[in-house]
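Chemist: File follows, target.cif with mmCIF, C-alpha atoms and all ligand atoms:
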```cif
data_coords
loop_
_atom_site.label_atom_id
_atom_site.label_comp_id
_atom_site.auth_asym_id
_atom_site.auth_seq_id
_atom_site.Cartn_x
_atom_site.Cartn_y
_atom_site.Cartn_z
CA MET H 1 -4.42 8.83 -50.42
CA LYS H 2 -5.03 10.75 -47.19
CA ASN H 3 -4.29 9.01 -43.93
CA ILE H 4 -6.47 10.64 -41.31
CA TYR H 5 -6.81 8.78 -38.07
CA LEU H 6 -9.93 9.58 -36.06
CA ASP H 7 -10.20 6.36 -34.05
CA ASN H 8 -8.18 7.16 -30.93
CA ALA H 9 -10.74 5.59 -28.60
CA ALA H 10 -9.97 2.23 -30.25
CA THR H 11 -6.23 2.77 -29.93
CA THR H 12 -3.67 5.57 -30.17
CA PRO H 13 -0.43 5.68 -32.14
CA ILE H 14 2.56 5.01 -29.91
CA ASP H 15 4.62 8.01 -28.85
CA GLU H 16 8.14 8.05 -30.42
CA GLN H 17 9.83 8.61 -27.05
CA VAL H 18 7.96 5.61 -25.63
CA MET H 19 9.06 3.45 -28.53
CA ASP H 20 12.72 4.54 -28.22
CA LEU H 21 12.76 3.77 -24.52
CA MET H 22 11.13 0.38 -25.02
CA ILE H 23 13.72 -0.59 -27.65
CA LYS H 24 16.51 0.40 -25.26
CA VAL H 25 14.97 -1.67 -22.46
CA MET H 26 14.46 -4.66 -24.79
CA ARG H 27 18.10 -4.49 -25.86
CA ASP H 28 19.82 -3.66 -22.58
CA CYS H 29 17.53 -4.77 -19.78
CA TYR H 30 16.66 -8.35 -20.60
CA GLY H 31 17.02 -9.84 -17.12
CA ASN H 32 14.08 -11.68 -15.57
CA PRO H 33 12.73 -9.46 -12.76
CA SER H 34 12.41 -12.56 -10.54
CA SER H 35 16.13 -13.36 -10.85
CA THR H 36 18.27 -12.40 -7.90
CA HIS H 37 21.33 -11.36 -9.95
CA SER H 38 21.90 -7.73 -10.82
CA SER H 39 20.56 -8.06 -14.37
CA GLY H 40 17.22 -9.29 -12.98
CA GLN H 41 17.18 -6.73 -10.21
CA GLU H 42 17.79 -3.96 -12.71
CA ALA H 43 14.64 -5.02 -14.60
CA LYS H 44 12.75 -5.32 -11.30
CA ALA H 45 13.79 -1.77 -10.35
CA LEU H 46 12.38 -0.42 -13.63
CA ILE H 47 9.02 -2.06 -12.95
CA GLU H 48 8.87 -0.75 -9.39
CA GLU H 49 9.63 2.77 -10.56
CA VAL H 50 6.64 2.65 -12.93
CA ARG H 51 4.45 1.21 -10.18
CA ARG H 52 5.38 4.13 -7.91
CA LYS H 53 4.68 6.63 -10.69
CA ILE H 54 1.19 5.20 -11.32
CA ALA H 55 0.45 5.05 -7.58
CA ALA H 56 1.41 8.73 -7.19
CA TYR H 57 -0.95 9.69 -10.05
CA LEU H 58 -3.88 7.70 -8.65
CA ARG H 59 -2.97 8.52 -5.03
CA VAL H 60 -2.92 4.92 -3.94
CA GLN H 61 -0.22 2.59 -2.60
CA PRO H 62 2.27 1.13 -5.12
CA GLY H 63 1.36 -2.38 -3.92
CA GLU H 64 -2.20 -1.78 -5.15
CA ILE H 65 -1.09 -1.66 -8.81
CA ILE H 66 -1.01 -5.06 -10.54
CA PHE H 67 0.45 -5.18 -14.05
CA THR H 68 -1.53 -7.20 -16.59
CA SER H 69 -1.61 -7.64 -20.37
CA CYS H 70 -4.50 -5.24 -21.07
CA GLY H 71 -7.76 -3.65 -19.93
CA THR H 72 -9.68 -6.81 -20.82
CA GLU H 73 -7.50 -8.98 -18.58
CA SER H 74 -7.74 -6.50 -15.70
CA ASN H 75 -11.54 -6.42 -15.87
CA ASN H 76 -11.77 -10.22 -16.13
CA LEU H 77 -9.43 -10.70 -13.17
CA ILE H 78 -11.42 -8.34 -10.96
CA ILE H 79 -14.94 -9.50 -11.81
CA LYS H 80 -14.17 -13.21 -11.84
CA SER H 81 -12.08 -13.19 -8.68
CA CYS H 82 -14.78 -11.23 -6.83
CA VAL H 83 -17.14 -14.13 -7.54
CA GLU H 84 -14.63 -16.98 -7.14
CA HIS H 85 -12.84 -15.72 -4.03
CA LEU H 86 -14.75 -12.90 -2.35
CA GLY H 87 -18.19 -14.49 -2.18
CA VAL H 88 -19.93 -12.09 -4.56
CA GLU H 89 -23.36 -13.48 -5.46
CA ARG H 90 -24.82 -10.49 -7.26
CA ILE H 91 -23.40 -8.00 -9.79
CA ILE H 92 -25.00 -4.64 -10.51
CA THR H 93 -23.96 -3.30 -13.91
CA SER H 94 -25.40 -1.55 -16.98
CA PRO H 95 -25.70 -2.31 -20.71
CA MET H 96 -23.29 0.60 -21.35
CA GLU H 97 -20.26 -1.44 -20.26
CA HIS H 98 -17.49 -2.57 -22.61
CA LYS H 99 -17.81 -6.13 -23.87
CA CYS H 100 -15.01 -7.41 -21.62
CA VAL H 101 -17.03 -6.37 -18.56
CA ALA H 102 -20.38 -7.44 -20.02
CA GLU H 103 -19.05 -10.87 -21.04
CA SER H 104 -17.29 -11.42 -17.70
CA VAL H 105 -20.58 -10.74 -15.91
CA ARG H 106 -22.47 -13.02 -18.31
CA ASP H 107 -19.87 -15.77 -17.79
CA MET H 108 -20.23 -15.54 -14.00
CA LYS H 109 -24.01 -15.68 -14.36
CA ASN H 110 -23.88 -18.75 -16.62
CA ARG H 111 -21.14 -20.70 -14.88
CA LYS H 112 -21.43 -19.58 -11.24
CA GLY H 113 -25.12 -18.74 -11.03
CA ILE H 114 -24.67 -15.19 -9.78
CA GLU H 115 -27.53 -12.73 -10.16
CA ALA H 116 -26.88 -9.96 -12.72
CA VAL H 117 -28.83 -6.72 -12.23
CA TYR H 118 -28.80 -4.34 -15.23
CA ILE H 119 -29.48 -0.65 -14.66
CA ARG H 120 -31.19 0.67 -17.74
CA PRO H 121 -29.77 3.97 -19.05
CA ASN H 122 -31.98 6.75 -20.38
CA SER H 123 -31.79 7.85 -24.02
CA LYS H 124 -28.78 10.08 -23.20
CA GLY H 125 -26.90 7.05 -21.84
CA ASP H 126 -27.18 8.23 -18.23
CA ILE H 127 -27.96 6.19 -15.18
CA THR H 128 -29.04 7.93 -12.00
CA LEU H 129 -27.71 7.54 -8.47
CA ASP H 130 -31.24 6.73 -7.41
CA GLN H 131 -31.28 3.74 -9.80
CA VAL H 132 -27.99 2.52 -8.32
CA GLU H 133 -29.29 2.96 -4.77
CA GLN H 134 -32.56 1.14 -5.52
CA ALA H 135 -30.59 -1.77 -6.97
CA LEU H 136 -28.23 -1.86 -3.98
CA LYS H 137 -31.15 -1.74 -1.53
CA SER H 138 -33.08 -4.54 -3.17
CA SER H 139 -31.04 -7.46 -1.78
CA ASP H 140 -28.73 -8.43 1.09
CA ARG H 141 -26.62 -10.72 -1.09
CA LYS H 142 -22.90 -9.90 -1.33
CA THR H 143 -22.73 -7.47 -4.24
CA LEU H 144 -20.19 -6.09 -6.71
CA VAL H 145 -21.12 -2.92 -8.59
CA THR H 146 -19.29 -2.58 -11.90
CA LEU H 147 -19.91 0.73 -13.68
CA MET H 148 -17.45 2.42 -16.00
CA HIS H 149 -15.85 5.85 -15.52
CA ALA H 150 -16.41 6.94 -19.14
CA ASN H 151 -18.13 5.21 -22.00
CA ASN H 152 -16.02 4.17 -24.99
CA GLU H 153 -18.82 4.59 -27.55
CA ILE H 154 -20.56 7.83 -26.62
CA GLY H 155 -18.03 9.40 -24.24
CA ASN H 156 -20.35 10.07 -21.27
CA ILE H 157 -18.48 10.49 -17.98
CA TYR H 158 -20.10 8.90 -14.94
CA ASP H 159 -19.92 10.14 -11.35
CA ILE H 160 -17.84 7.33 -9.84
CA SER H 161 -17.22 9.30 -6.69
CA SER H 162 -20.93 9.35 -5.77
CA ILE H 163 -21.44 5.75 -6.93
CA GLY H 164 -18.50 4.70 -4.72
CA LYS H 165 -20.07 6.39 -1.68
CA LEU H 166 -23.33 4.50 -2.25
CA CYS H 167 -21.48 1.20 -2.60
CA ARG H 168 -19.67 1.83 0.69
CA ARG H 169 -22.94 2.70 2.42
CA TYR H 170 -24.53 -0.56 1.31
CA GLY H 171 -21.40 -2.71 1.87
CA ALA H 172 -20.89 -3.53 -1.84
CA TYR H 173 -17.59 -3.78 -3.69
CA PHE H 174 -17.11 -1.14 -6.38
CA HIS H 175 -15.22 -1.70 -9.63
CA SER H 176 -14.94 0.88 -12.39
CA ASP H 177 -13.56 0.32 -15.88
CA THR H 178 -11.29 3.38 -16.16
CA VAL H 179 -9.70 2.39 -19.47
CA GLN H 180 -10.92 5.50 -21.31
CA THR H 181 -10.03 7.98 -18.54
CA ILE H 182 -6.64 6.95 -17.09
CA GLY H 183 -3.95 9.06 -18.76
CA HIS H 184 -6.54 11.62 -19.89
CA LEU H 185 -8.28 12.93 -16.76
CA ASP H 186 -7.35 13.54 -13.13
CA VAL H 187 -8.18 10.28 -11.43
CA ASP H 188 -7.75 10.53 -7.66
CA PHE H 189 -8.64 7.34 -5.81
CA SER H 190 -7.72 8.80 -2.41
CA LYS H 191 -11.03 10.66 -2.65
CA THR H 192 -13.04 7.84 -4.24
CA GLU H 193 -14.51 4.88 -2.40
CA ILE H 194 -13.41 2.42 -5.04
CA ASP H 195 -12.02 -1.10 -4.69
CA PHE H 196 -10.96 -1.94 -8.25
CA ALA H 197 -10.18 -0.22 -11.55
CA SER H 198 -8.49 -1.02 -14.85
CA CYS H 199 -6.11 0.60 -17.34
CA SER H 200 -4.72 -0.06 -20.80
CA ALA H 201 -1.54 1.65 -22.07
CA HIS H 202 -2.50 1.78 -25.74
CA LYS H 203 -5.30 4.25 -25.02
CA PHE H 204 -2.78 7.02 -24.18
CA HIS H 205 0.01 6.53 -26.76
CA GLY H 206 1.61 3.62 -24.94
CA PRO H 207 2.22 0.10 -26.26
CA LYS H 208 -0.43 -2.56 -26.84
CA GLY H 209 -0.43 -5.67 -24.66
CA VAL H 210 0.12 -4.02 -21.29
CA GLY H 211 -2.15 -2.53 -18.65
CA PHE H 212 -2.82 -2.72 -14.96
CA ALA H 213 -5.50 -3.41 -12.42
CA PHE H 214 -5.90 -1.23 -9.35
CA VAL H 215 -6.76 -3.59 -6.50
CA ARG H 216 -7.43 -2.03 -3.08
CA LYS H 217 -5.22 -3.92 -0.61
CA THR H 218 -8.05 -4.45 1.86
CA SER H 219 -10.14 -6.27 -0.76
CA LYS H 220 -8.29 -9.65 -0.54
CA LEU H 221 -8.70 -10.35 -4.26
CA LYS H 222 -6.91 -13.50 -5.45
CA CYS H 223 -5.27 -14.57 -8.70
CA MET H 224 -6.89 -16.07 -11.78
CA ILE H 225 -3.51 -16.97 -13.33
CA SER H 226 -1.36 -19.16 -11.07
CA GLY H 227 2.36 -19.72 -11.31
CA GLY H 228 5.47 -18.05 -10.01
CA GLY H 229 3.63 -15.61 -7.75
CA GLN H 230 4.59 -12.39 -9.52
CA GLU H 231 2.59 -9.21 -8.90
CA ARG H 232 1.86 -9.95 -5.25
CA ASP H 233 0.66 -13.39 -6.34
CA LEU H 234 -2.25 -11.74 -8.19
CA ARG H 235 -0.91 -12.24 -11.71
CA SER H 236 1.75 -14.84 -12.28
CA GLY H 237 3.93 -14.79 -15.39
CA THR H 238 7.22 -13.10 -16.20
CA GLU H 239 6.53 -9.39 -16.39
CA ASN H 240 6.46 -7.56 -19.74
CA VAL H 241 9.32 -5.26 -18.74
CA PRO H 242 9.55 -3.17 -21.95
CA GLY H 243 5.75 -2.89 -22.03
CA ILE H 244 5.54 -1.76 -18.41
CA VAL H 245 8.32 0.78 -18.94
CA GLY H 246 6.49 1.97 -22.08
CA LEU H 247 3.25 2.32 -20.10
CA GLY H 248 5.11 4.37 -17.48
CA LYS H 249 6.70 6.65 -20.06
CA ALA H 250 3.40 7.15 -21.93
CA LEU H 251 1.67 8.03 -18.66
CA GLU H 252 4.47 10.42 -17.70
CA ILE H 253 4.22 12.23 -21.07
CA SER H 254 0.41 12.36 -20.89
CA LEU H 255 0.46 13.81 -17.38
CA GLU H 256 3.24 16.32 -18.07
CA ASN H 257 1.32 17.64 -21.08
CA LYS H 258 -2.19 17.03 -19.78
CA ASP H 259 -3.40 20.62 -19.83
CA ASP H 260 -2.06 21.28 -23.34
CA TYR H 261 -3.30 17.97 -24.72
CA GLN H 262 -6.70 18.48 -23.12
CA SER H 263 -7.21 22.05 -24.32
CA HIS H 264 -6.03 21.24 -27.85
CA THR H 265 -8.17 18.10 -28.12
CA GLN H 266 -11.23 19.84 -26.65
CA GLU H 267 -10.80 22.60 -29.24
CA ILE H 268 -10.68 19.96 -31.98
CA LYS H 269 -13.84 18.32 -30.63
CA ASP H 270 -15.68 21.67 -30.44
CA TYR H 271 -14.50 22.49 -33.95
CA ALA H 272 -15.80 19.13 -35.22
CA ILE H 273 -19.21 19.78 -33.63
CA THR H 274 -19.43 23.24 -35.22
CA ARG H 275 -18.32 22.06 -38.68
CA LEU H 276 -20.65 19.06 -38.66
CA LYS H 277 -23.64 21.21 -37.63
CA GLU H 278 -22.80 23.63 -40.44
CA GLU H 279 -22.46 21.00 -43.15
CA ILE H 280 -24.84 18.14 -42.31
CA ILE H 281 -28.43 19.24 -41.86
CA GLY H 282 -30.23 17.21 -39.19
CA ILE H 283 -27.06 15.85 -37.57
CA LYS H 284 -27.36 14.79 -33.92
CA PHE H 285 -24.92 13.60 -31.29
CA ASN H 286 -25.32 10.57 -29.02
CA GLY H 287 -24.88 11.08 -25.29
CA TRP H 288 -23.49 14.35 -23.93
CA THR H 289 -21.09 16.64 -25.79
CA SER H 290 -20.25 19.18 -23.06
CA LYS H 291 -16.80 19.47 -21.44
CA GLU H 292 -18.16 18.60 -18.01
CA LYS H 293 -20.14 15.52 -18.99
CA SER H 294 -18.18 13.89 -21.79
CA LEU H 295 -14.67 12.83 -22.79
CA TYR H 296 -12.79 15.49 -24.73
CA THR H 297 -11.33 12.72 -26.86
CA LEU H 298 -14.57 11.38 -28.31
CA LEU H 299 -17.65 12.46 -30.29
CA SER H 300 -20.51 10.13 -31.12
CA ILE H 301 -22.44 11.27 -34.18
CA LEU H 302 -25.88 10.29 -35.41
CA LEU H 303 -26.03 10.89 -39.17
CA PRO H 304 -29.50 11.76 -40.50
CA PHE H 305 -29.44 9.00 -43.12
CA LYS H 306 -29.04 5.24 -43.14
CA ASP H 307 -25.80 3.88 -44.54
CA PRO H 308 -24.32 0.71 -43.01
CA MET H 309 -21.35 1.07 -45.41
CA ILE H 310 -20.37 4.60 -44.30
CA GLY H 311 -17.27 3.51 -42.38
CA PHE H 312 -16.06 1.61 -45.43
CA LYS H 313 -16.73 4.57 -47.74
CA LEU H 314 -14.80 6.94 -45.46
CA ASP H 315 -11.98 4.43 -45.26
CA MET H 316 -11.79 4.43 -49.07
CA LYS H 317 -11.18 8.17 -48.76
CA GLY H 318 -8.37 7.61 -46.25
CA ILE H 319 -10.33 8.43 -43.10
CA ALA H 320 -10.40 6.00 -40.17
CA VAL H 321 -13.45 6.23 -37.88
CA SER H 322 -15.44 3.64 -35.95
CA GLN H 323 -18.86 2.33 -36.82
CA GLY H 324 -20.17 -0.55 -34.68
CA SER H 325 -19.02 -4.07 -35.48
CA ALA H 326 -18.53 -5.41 -38.98
CA CYS H 327 -20.69 -8.21 -40.35
CA SER H 328 -19.83 -10.56 -43.22
CA SER H 329 -20.97 -8.21 -46.01
CA GLY H 330 -18.53 -5.52 -44.89
CA ALA H 331 -21.50 -3.48 -43.64
CA THR H 332 -21.85 -2.84 -39.92
CA LYS H 333 -24.36 -3.72 -37.24
CA PRO H 334 -25.26 -1.21 -34.53
CA SER H 335 -23.66 -1.99 -31.17
CA ALA H 336 -25.52 -3.09 -28.04
CA VAL H 337 -25.12 0.46 -26.68
CA MET H 338 -26.72 2.02 -29.76
CA LEU H 339 -29.52 -0.53 -29.70
CA MET H 340 -30.20 0.65 -26.16
CA LEU H 341 -30.10 4.39 -26.87
CA LEU H 342 -31.79 4.77 -30.24
CA ASP H 343 -35.52 4.43 -30.87
CA GLU H 344 -36.95 2.47 -33.80
CA GLU H 345 -37.26 5.50 -36.05
CA GLU H 346 -33.60 6.44 -35.38
CA MET H 347 -32.47 2.84 -35.92
CA ASN H 348 -34.18 2.75 -39.32
CA ASN H 349 -33.26 6.20 -40.62
CA SER H 350 -29.90 7.16 -39.16
CA THR H 351 -26.31 5.95 -38.80
CA PRO H 352 -24.15 6.18 -35.67
CA LEU H 353 -20.48 7.02 -36.18
CA ARG H 354 -17.74 7.51 -33.57
CA VAL H 355 -14.87 9.90 -34.16
CA SER H 356 -12.14 10.14 -31.56
CA PHE H 357 -9.26 12.56 -31.30
CA SER H 358 -5.85 13.04 -29.76
CA HIS H 359 -3.40 15.92 -29.27
CA ARG H 360 -2.07 15.03 -32.74
CA THR H 361 -5.41 15.68 -34.49
CA LYS H 362 -5.48 18.89 -36.53
CA LYS H 363 -8.32 21.11 -37.66
CA LYS H 364 -7.47 20.23 -41.24
CA ASP H 365 -8.12 16.56 -40.40
CA ILE H 366 -11.60 17.55 -39.26
CA ASP H 367 -12.11 19.59 -42.44
CA ALA H 368 -11.11 16.58 -44.54
CA PHE H 369 -13.43 14.31 -42.55
CA VAL H 370 -16.40 16.67 -42.89
CA GLU H 371 -15.71 17.13 -46.60
CA ALA H 372 -15.57 13.35 -47.11
CA LEU H 373 -18.79 12.90 -45.15
CA VAL H 374 -20.57 15.51 -47.22
CA SER H 375 -19.39 13.79 -50.42
CA VAL H 376 -20.77 10.39 -49.39
CA GLN H 377 -24.09 11.51 -47.93
CA PRO H 378 -27.14 10.79 -50.10
CA ILE H 379 -28.57 13.86 -51.85
N1 LIG X 1 -12.76 -1.04 -21.47
C1 LIG X 1 -12.98 0.00 -22.27
C2 LIG X 1 -13.92 1.08 -21.82
C3 LIG X 1 -12.37 0.08 -23.53
O1 LIG X 1 -12.61 1.12 -24.33
C4 LIG X 1 -11.49 -0.98 -23.92
C5 LIG X 1 -10.86 -0.96 -25.25
O2 LIG X 1 -11.46 -0.61 -26.25
C6 LIG X 1 -11.27 -2.03 -23.03
C7 LIG X 1 -11.92 -2.03 -21.81
C8 LIG X 1 -10.36 -3.16 -23.38
O3 LIG X 1 -9.03 -2.77 -23.28
P1 LIG X 1 -7.87 -3.63 -24.02
O4 LIG X 1 -7.94 -3.30 -25.47
O5 LIG X 1 -6.59 -3.18 -23.40
O6 LIG X 1 -8.15 -5.05 -23.74
#
```
Using structure tokens, write down the structure from this file.
Ligand code: PLP
Modeler:
Amino acid sequence: MKNIYLDNAATTPIDEQVMDLMIKVMRDCYGNPSSTHSSGQEAKALIEEVRRKIAAYLRVQPGEIIFTSCGTESNNLIIKSCVEHLGVERIITSPMEHKCVAESVRDMKNRKGIEAVYIRPNSKGDITLDQVEQALKSSDRKTLVTLMHANNEIGNIYDISSIGKLCRRYGAYFHSDTVQTIGHLDVDFSKTEIDFASCSAHKFHGPKGVGFAFVRKTSKLKCMISGGGQERDLRSGTENVPGIVGLGKALEISLENKDDYQSHTQEIKDYAITRLKEEIIGIKFNGWTSKEKSLYTLLSILLPFKDPMIGFKLDMKGIAVSQGSACSSGATKPSAVMLMLLDEEEMNNSTPLRVSFSHRTKKKDIDAFVEALVSVQPI
């Protein structure tokens, strides 16, 4: 059976060089980075080297990078500590956010009584700067704005630079979930008025179970996990040394090859759009598809027929794509984002499907995907 992987927004296969380096570190560099002997200090030095590398990429200070276990943990730490320790009483967000942001906000609303303000996107998944400004203006309460850099379901890229400026003007904290962009795009925080961001290594061919939070030093965020005081006392627990080294290596490879990876993957995405338009009459795309406004790694399709089992049928043909969340029958339910973007007619008569690419994806993978799709579509 074919094995065609078109679900790189969910996770990417680990790079061989990353894996080799991690194995070496696991075998040879087992010291605890908090130990004062040379074995511990050797491990500590590896971590600090990765921290410096990340800081140089984001143009921030190394001390502003806090290693965590994943994007979910980073987003939880930031949102919850803003409420618990920084006096945030109101959070401005949007229904486009990943579940780990949405659920953190909901948790703070339920347990801490904060006010949650949701900016409604238009049918393209966009929110305007005017909507953000109106929300900021509407109250004097201490506010956190949490709006993602790029959406993981439809791929829209949001203007975090302009949102950051607005937040600064109105004295609000600004957090952006940058899990889908770090390692893929130029992300320069020296030019962005941003207080917090998040990253996950497995989205750019690094290992699972490691990520980081960017925490602006001036923000005075505090820890949610207490203990030995690692990571500037913001995230206690013995560091995942092989994971952090793997994250660093994956980032290094991604940045060294960024232009090639980007142009290849963009070509694959454009090819997929062309082939799908040729073969599936009535096909549409959710959100934006252009280079400027959407991730080159992701394409959100709206098939012109209803089939909640489509993901399963493609899987039977050896093709991995993403289709909302599974329910008990093996069929899938549309996600909260799709429920927001699609009208009733589209909900009843069409099927959203996400395909996501990497530098490893080939045109023949797209051909096989389109062929499989054509074979399962109703006549
Ligand atoms: N935020 C976004 C936008 C994501 O796409 C994901 C993963 O799918 C996460 C957060 C969660 O990251 P992790 O899997 O590292 O917890």
Chemist: Padding of 5 Å on every side, edges along x, y and z, all listed atoms of ligand LIG 1 (chain X) included: what centre and edge lengths in Å, to one decimal, does that box have, as AutoDock Vina command-line options?
Modeler:
```
--center_x -10.3 --center_y -2.0 --center_z -23.9 --size_x 17.3 --size_y 16.2 --size_z 14.8
```
Chemist: Could you give me the residues within 8 Å of ligand LIG 1 (chain X), counting all atoms listed in the file, as a count of residues only?
Modeler: 33
Chemist: Quick one: residues within 12 Å of Ile47 in chain H, all atoms listed in the file counted, chain neighbours fewer than 5 positions away excluded, as a ChimeraX atom specification?
Modeler: /H:25,29,31-34,40-42,52-54,62-63,65-67,230-231,238-249
Chemist: Since we have the selection now, will you write its residues out, keeping C-alpha atoms, as a compact mmCIF listing (two decimals), keeping the file's coordinate frame?
Modeler:
```
# COMPACT_ATOMS: atom_id res chain seq x y z
CA VAL H 25 14.97 -1.67 -22.46
CA CYS H 29 17.53 -4.77 -19.78
CA GLY H 31 17.02 -9.84 -17.12
CA ASN H 32 14.08 -11.68 -15.57
CA PRO H 33 12.73 -9.46 -12.76
CA SER H 34 12.41 -12.56 -10.54
CA GLY H 40 17.22 -9.29 -12.98
CA GLN H 41 17.18 -6.73 -10.21
CA GLU H 42 17.79 -3.96 -12.71
CA ARG H 52 5.38 4.13 -7.91
CA LYS H 53 4.68 6.63 -10.69
CA ILE H 54 1.19 5.20 -11.32
CA PRO H 62 2.27 1.13 -5.12
CA GLY H 63 1.36 -2.38 -3.92
CA ILE H 65 -1.09 -1.66 -8.81
CA ILE H 66 -1.01 -5.06 -10.54
CA PHE H 67 0.45 -5.18 -14.05
CA GLN H 230 4.59 -12.39 -9.52
CA GLU H 231 2.59 -9.21 -8.90
CA THR H 238 7.22 -13.10 -16.20
CA GLU H 239 6.53 -9.39 -16.39
CA ASN H 240 6.46 -7.56 -19.74
CA VAL H 241 9.32 -5.26 -18.74
CA PRO H 242 9.55 -3.17 -21.95
CA GLY H 243 5.75 -2.89 -22.03
CA ILE H 244 5.54 -1.76 -18.41
CA VAL H 245 8.32 0.78 -18.94
CA GLY H 246 6.49 1.97 -22.08
CA LEU H 247 3.25 2.32 -20.10
CA GLY H 248 5.11 4.37 -17.48
CA LYS H 249 6.70 6.65 -20.06
```
Chemist: Given the choices H:Lys2, H:Lys313, H:Arg235, H:His184, which gets closest to Tyr57 in chain H if the distance is worked out from all atoms listed in the file?
Modeler: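 Selected residue with least distance to Tyr57 in chain H: H:His184.
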Chemist: What does the distance between CA of Asp130 in chain H and CA of His85 in chain H come to in Å, to one decimal place?
Modeler: 29.2 Å
Chemist: Check the smallest atom-to-atom distance from each of H:Ala250, H:Leu147, H:Ala116, H:Leu234 to Glu16 in chain H using all atoms listed in the file, then report the winner.
Modeler: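 Of H:Ala250, H:Leu147, H:Ala116, H:Leu234, the one nearest Glu16 in chain H, counting all atoms listed in the file, is H:Ala250.
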Chemist: Show me, as an NGL selection string, the residues that have an atom within 10 Å of Ala272 in chain H when counting only C-alpha atoms, minus same-chain residues fewer than 5 positions from it.
Modeler: :H and (266-267 or 277-278 or 299 or 355 or 363 or 365-367 or 369-370)
Chemist: For CA of Val132 in chain H and CA of Val88 in chain H, quote the distance in Å rounded to one decimal.
Modeler: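 Computed distance, CA of Val132 in chain H to CA of Val88 in chain H, equals 17.1 Å.
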Chemist: To one decimal place, how far is CA of Glu371 in chain H from CA of Ile4 in chain H in Å?
Modeler: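 Calculated distance between CA of Glu371 in chain H and CA of Ile4 in chain H is 12.5 Å.
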Chemist: Need the shell around Leu341 in chain H: protein/DNA/RNA residues with any atom at most 9 Å away, counting only C-alpha atoms. Skip same-chain ones fewer than 6 positions apart. Format as a list in words?
Modeler: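 Selected residues are Pro121, Asn122, Ser123, Lys124, Gly125, Asn286 and Gly287 of chain H.
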Chemist: Neighbours of Gly282 in chain H within 8 Å (only C-alpha atoms; same-chain residues fewer than 2 positions away dropped), as a list of chain:residue names?
Modeler: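 Surrounding residues, per the criterion: H:Lys277, H:Ile280, H:Lys284, H:Leu303, H:Pro304.
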Chemist: Report as a VMD selection string all protein, DNA and RNA residues lying within 12 Å of Met224 in chain H, evaluated on all atoms listed in the file, omitting residues in the same chain fewer than 3 positions from it.
Modeler: chain H and resid 68 73 to 85 221 227 229 233 to 237
Chemist: Which is closest to Met1 in chain H among H:Leu185, H:Met347, H:Met316, H:Met340, if we use all atoms listed in the file?
Modeler: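 Closest candidate: H:Met316.
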